[in-house]
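Enquirer: Before I ask anything, here is the structure I am working with.
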Amino acid sequence: MTSQTVERDDPREAALRERVRAGYQLEDPTQMTPRYRDVLVNTMHIAADLEVVTLPTYSPAIRTAPTLDDKIAIASACQDELGHAQVMYRLLEEFGYDTHHFLFERDPHEWRTFQMLEFPHEDYIESVVSMCYGDRAGYITTVDLEENCSFAPFARSLRKVNFEETFHVGHGERWVRFFWNLNERSRQRVQEAVSFYFPLCAAWFGVPDEMKKRTDQLAYKIRGATNDQMRQKWLSQVVPFSESIGIQVPAHFDEESGRYVLDYEPPIHLDEKTRTWDYDRRITWEEQFRIWKKGSRHKVPSISRLHHEVWGDDLW
Amino acid sequence: MSETLRRKTFDPGRERGGAVPKYYEVFARKNSDDSLSHVGSVEAPNDDLAQVRAWYIYDQHHWTEMCVVPTEAIIPVRLGKHSTRIKMA
């Protein structure tokens, strides 16, 4: 993290950036420069944390899912996510990580999670909305890594990850449609869940490009697209999907610029307790960074569950 | 409640086969026309658990064949200075 701010751009660093730009892929740590290694490990570290926190986030919905099939669908998605984490742990071990410590002993406050995955699902509708909108956001970032990452073992390992994520997104879409058309109450709940998740998902891709200070991820071709390019890709999928069904989302296609744009200017205020956004109440980026860094009030209890709970105490 | 707050215990001897992790490479094919391909690797203390973990983690397809090979049993074929060792994923 801090090493990126330290000036140590020796000729080897510039030479490696040049080579990866030309399509060169690395196969093991011996081929890396310090800065490359830092930005790669940081990226994989966050990716691993994000896979695991989906478990406490999705698992409450196993209890509340209406049918056995739905319970299996959620449990199966959790199993997929844990499998993805295992693949990333295997890679991180090559860089000196101890998986057991990383997963079970590390202070929950130190986990690098994103706000989108920090709110345990209150019901099955929230889970399918999260799959449809949130897993899609995750999928866009992991596909970018699979297609562009210059560290070949990571890129290869994401084939499996992305293959499975398509099922989550597909499952989410199908059930969002179903609940939208089921009855007035379920339709209202879908709208409520989308209204909560939409700004969380749009923020998944990070700060706007013009604010981005760390650019090593792109310079070393750990990933290929910028935050805004990925956000645009996500908007270009979820806005037409939502409009075709009738779900209201705070974004639209702007004819003039030929791009999808948000109807609000982030960052905005979120009332965590009621899970509602105040679109007119802008907060500063400093406040937003503080909120992201601290995590939601569910973050630490969720991760502690992973550390202490045996066989899912409150699951059955 | 105090019972559930007990931290999970970890016995490296049972789960990892010792202080040093042991790795297995996983190979699989979807059908008989497909080549047997490297799909990833797992850490396991013994052959039995390696099979279980490979099956659990790499379950993205209905494979017709899957095998695990201890990484240390693989002899890399080298051409001059070029390393062709088994890669980590």
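Identifiers for the structure tokens are assigned positionally: chains receive A, B, ... in sequence, residues are indexed from 1 per chain, and ligands are indexed from 1 in the order shown.
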Hey, what's within 12 Å of Ser130 of chain A if we count only C-alpha atoms and toss same-chain stuff fewer than 3 positions away? As a ChimeraX atom specification, please?

Expert: /A:54,57-58,61,74,77,116-127,133-138,168-173,175-176,190,192-201

Enquirer: When you get a sec, could you note down which chain A residues fall within 9 Å of chain B, using only C-alpha atoms, as an mmCIF file with N, CA and C atoms, in the first residue's frame?

Expert:
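Contents of the output file part.cif:
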data_model
loop_
_atom_site.group_PDB
_atom_site.id
_atom_site.type_symbol
_atom_site.label_atom_id
_atom_site.label_comp_id
_atom_site.auth_asym_id
_atom_site.auth_seq_id
_atom_site.Cartn_x
_atom_site.Cartn_y
_atom_site.Cartn_z
ATOM 1 N N GLU A 27 4.541 -15.467 -14.818
ATOM 2 C CA GLU A 27 4.070 -16.756 -14.310
ATOM 3 C C GLU A 27 4.404 -16.993 -12.847
ATOM 4 N N ASP A 28 5.449 -16.393 -12.337
ATOM 5 C CA ASP A 28 5.724 -16.594 -10.917
ATOM 6 C C ASP A 28 6.450 -15.404 -10.293
ATOM 7 N N GLN A 79 -21.281 -21.639 -1.464
ATOM 8 C CA GLN A 79 -20.246 -22.654 -1.702
ATOM 9 C C GLN A 79 -19.344 -22.223 -2.856
ATOM 10 N N ASP A 80 -19.949 -21.650 -3.905
ATOM 11 C CA ASP A 80 -19.152 -21.138 -5.023
ATOM 12 C C ASP A 80 -18.164 -20.079 -4.540
ATOM 13 N N LEU A 82 -16.950 -19.482 -1.589
ATOM 14 C CA LEU A 82 -15.871 -20.016 -0.761
ATOM 15 C C LEU A 82 -14.839 -20.719 -1.638
ATOM 16 N N GLY A 83 -15.323 -21.408 -2.683
ATOM 17 C CA GLY A 83 -14.405 -22.038 -3.636
ATOM 18 C C GLY A 83 -13.513 -20.997 -4.301
ATOM 19 N N HIS A 84 -14.105 -19.844 -4.655
ATOM 20 C CA HIS A 84 -13.315 -18.777 -5.285
ATOM 21 C C HIS A 84 -12.250 -18.271 -4.313
ATOM 22 N N GLN A 86 -10.865 -19.976 -1.927
ATOM 23 C CA GLN A 86 -9.822 -21.014 -1.824
ATOM 24 C C GLN A 86 -8.804 -20.868 -2.939
ATOM 25 N N VAL A 87 -9.302 -20.604 -4.143
ATOM 26 C CA VAL A 87 -8.409 -20.451 -5.295
ATOM 27 C C VAL A 87 -7.474 -19.254 -5.061
ATOM 28 N N ARG A 90 -4.843 -19.999 -2.391
ATOM 29 C CA ARG A 90 -3.781 -20.837 -2.959
ATOM 30 C C ARG A 90 -2.733 -19.942 -3.647
ATOM 31 N N LEU A 91 -3.205 -18.946 -4.371
ATOM 32 C CA LEU A 91 -2.286 -18.018 -5.041
ATOM 33 C C LEU A 91 -1.529 -17.183 -4.011
ATOM 34 N N GLU A 94 1.611 -18.420 -2.316
ATOM 35 C CA GLU A 94 2.866 -18.287 -3.071
ATOM 36 C C GLU A 94 3.581 -16.983 -2.706
ATOM 37 N N HIS A 100 -4.746 -19.930 7.106
ATOM 38 C CA HIS A 100 -5.489 -20.057 8.369
ATOM 39 C C HIS A 100 -5.485 -18.733 9.145
ATOM 40 N N PHE A 104 -8.938 -16.938 9.708
ATOM 41 C CA PHE A 104 -9.525 -17.158 11.036
ATOM 42 C C PHE A 104 -8.926 -16.332 12.165
ATOM 43 N N GLU A 105 -7.755 -15.757 11.975
ATOM 44 C CA GLU A 105 -7.112 -15.081 13.095
ATOM 45 C C GLU A 105 -6.942 -13.578 12.912
ATOM 46 N N ALA A 152 -0.445 -14.301 -15.161
ATOM 47 C CA ALA A 152 -1.227 -15.350 -15.821
ATOM 48 C C ALA A 152 -1.926 -16.327 -14.864
ATOM 49 N N PRO A 153 -1.282 -16.776 -13.767
ATOM 50 C CA PRO A 153 -1.997 -17.712 -12.893
ATOM 51 C C PRO A 153 -3.297 -17.126 -12.329
ATOM 52 N N PHE A 154 -3.297 -15.834 -12.012
ATOM 53 C CA PHE A 154 -4.510 -15.183 -11.504
ATOM 54 C C PHE A 154 -5.562 -15.133 -12.609
ATOM 55 N N ALA A 155 -5.135 -14.717 -13.807
ATOM 56 C CA ALA A 155 -6.071 -14.638 -14.924
ATOM 57 C C ALA A 155 -6.695 -16.009 -15.190
ATOM 58 N N ARG A 156 -5.870 -17.037 -15.216
ATOM 59 C CA ARG A 156 -6.378 -18.395 -15.481
ATOM 60 C C ARG A 156 -7.352 -18.845 -14.394
ATOM 61 N N SER A 157 -7.001 -18.548 -13.129
ATOM 62 C CA SER A 157 -7.838 -19.038 -12.032
ATOM 63 C C SER A 157 -9.229 -18.406 -12.077
ATOM 64 N N LYS A 160 -12.751 -20.145 -13.872
ATOM 65 C CA LYS A 160 -13.728 -20.884 -13.062
ATOM 66 C C LYS A 160 -14.640 -19.910 -12.314
ATOM 67 N N VAL A 161 -14.024 -18.897 -11.720
ATOM 68 C CA VAL A 161 -14.770 -17.916 -10.933
ATOM 69 C C VAL A 161 -15.847 -17.260 -11.802
ATOM 70 N N PHE A 163 -17.079 -18.194 -14.698
ATOM 71 C CA PHE A 163 -18.059 -19.162 -15.204
ATOM 72 C C PHE A 163 -19.190 -19.328 -14.184
ATOM 73 N N GLU A 164 -18.811 -19.422 -12.904
ATOM 74 C CA GLU A 164 -19.825 -19.625 -11.868
ATOM 75 C C GLU A 164 -20.610 -18.348 -11.570
ATOM 76 N N SER A 304 -16.704 -11.856 12.538
ATOM 77 C CA SER A 304 -16.547 -12.613 13.779
ATOM 78 C C SER A 304 -17.320 -13.928 13.737
ATOM 79 N N ARG A 305 -18.453 -13.904 13.054
ATOM 80 C CA ARG A 305 -19.219 -15.154 12.910
ATOM 81 C C ARG A 305 -18.370 -16.225 12.250
ATOM 82 N N LEU A 306 -17.630 -15.829 11.227
ATOM 83 C CA LEU A 306 -16.751 -16.783 10.529
ATOM 84 C C LEU A 306 -15.691 -17.331 11.481
ATOM 85 N N HIS A 307 -15.249 -16.480 12.404
ATOM 86 C CA HIS A 307 -14.172 -16.868 13.311
ATOM 87 C C HIS A 307 -14.625 -17.784 14.427
ATOM 88 N N HIS A 308 -15.883 -17.623 14.853
ATOM 89 C CA HIS A 308 -16.311 -18.313 16.064
ATOM 90 C C HIS A 308 -17.389 -19.370 15.878
ATOM 91 N N GLU A 309 -18.220 -19.167 14.878
ATOM 92 C CA GLU A 309 -19.389 -20.024 14.797
ATOM 93 C C GLU A 309 -19.043 -21.392 14.218
ATOM 94 N N VAL A 310 -19.557 -22.422 14.880
ATOM 95 C CA VAL A 310 -19.299 -23.771 14.410
ATOM 96 C C VAL A 310 -20.539 -24.295 13.696
ATOM 97 N N ASP A 313 -24.396 -21.781 13.648
ATOM 98 C CA ASP A 313 -25.268 -21.919 14.821
ATOM 99 C C ASP A 313 -26.721 -21.517 14.594
#

Enquirer: I need the strand (DSSP E or B) residues of chain B per DSSP on the backbone, written as a ChimeraX atom specification.

Expert: /B:23-29,37-43,65-70,79,82

Enquirer: Report as a ChimeraX atom specification all protein, DNA and RNA residues lying within 10 Å of Gly23 of chain A, evaluated on only C-alpha atoms, omitting residues in the same chain fewer than 4 positions from it.

Expert: /A:18-19,148-150,221

Enquirer: Using atom CA of Leu103 of chain A and atom CA of Ala47 of chain A as the two end points, give the distance in Å to one decimal.

Expert: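 Between atom CA of Leu103 of chain A and atom CA of Ala47 of chain A the gap is 13.1 Å.
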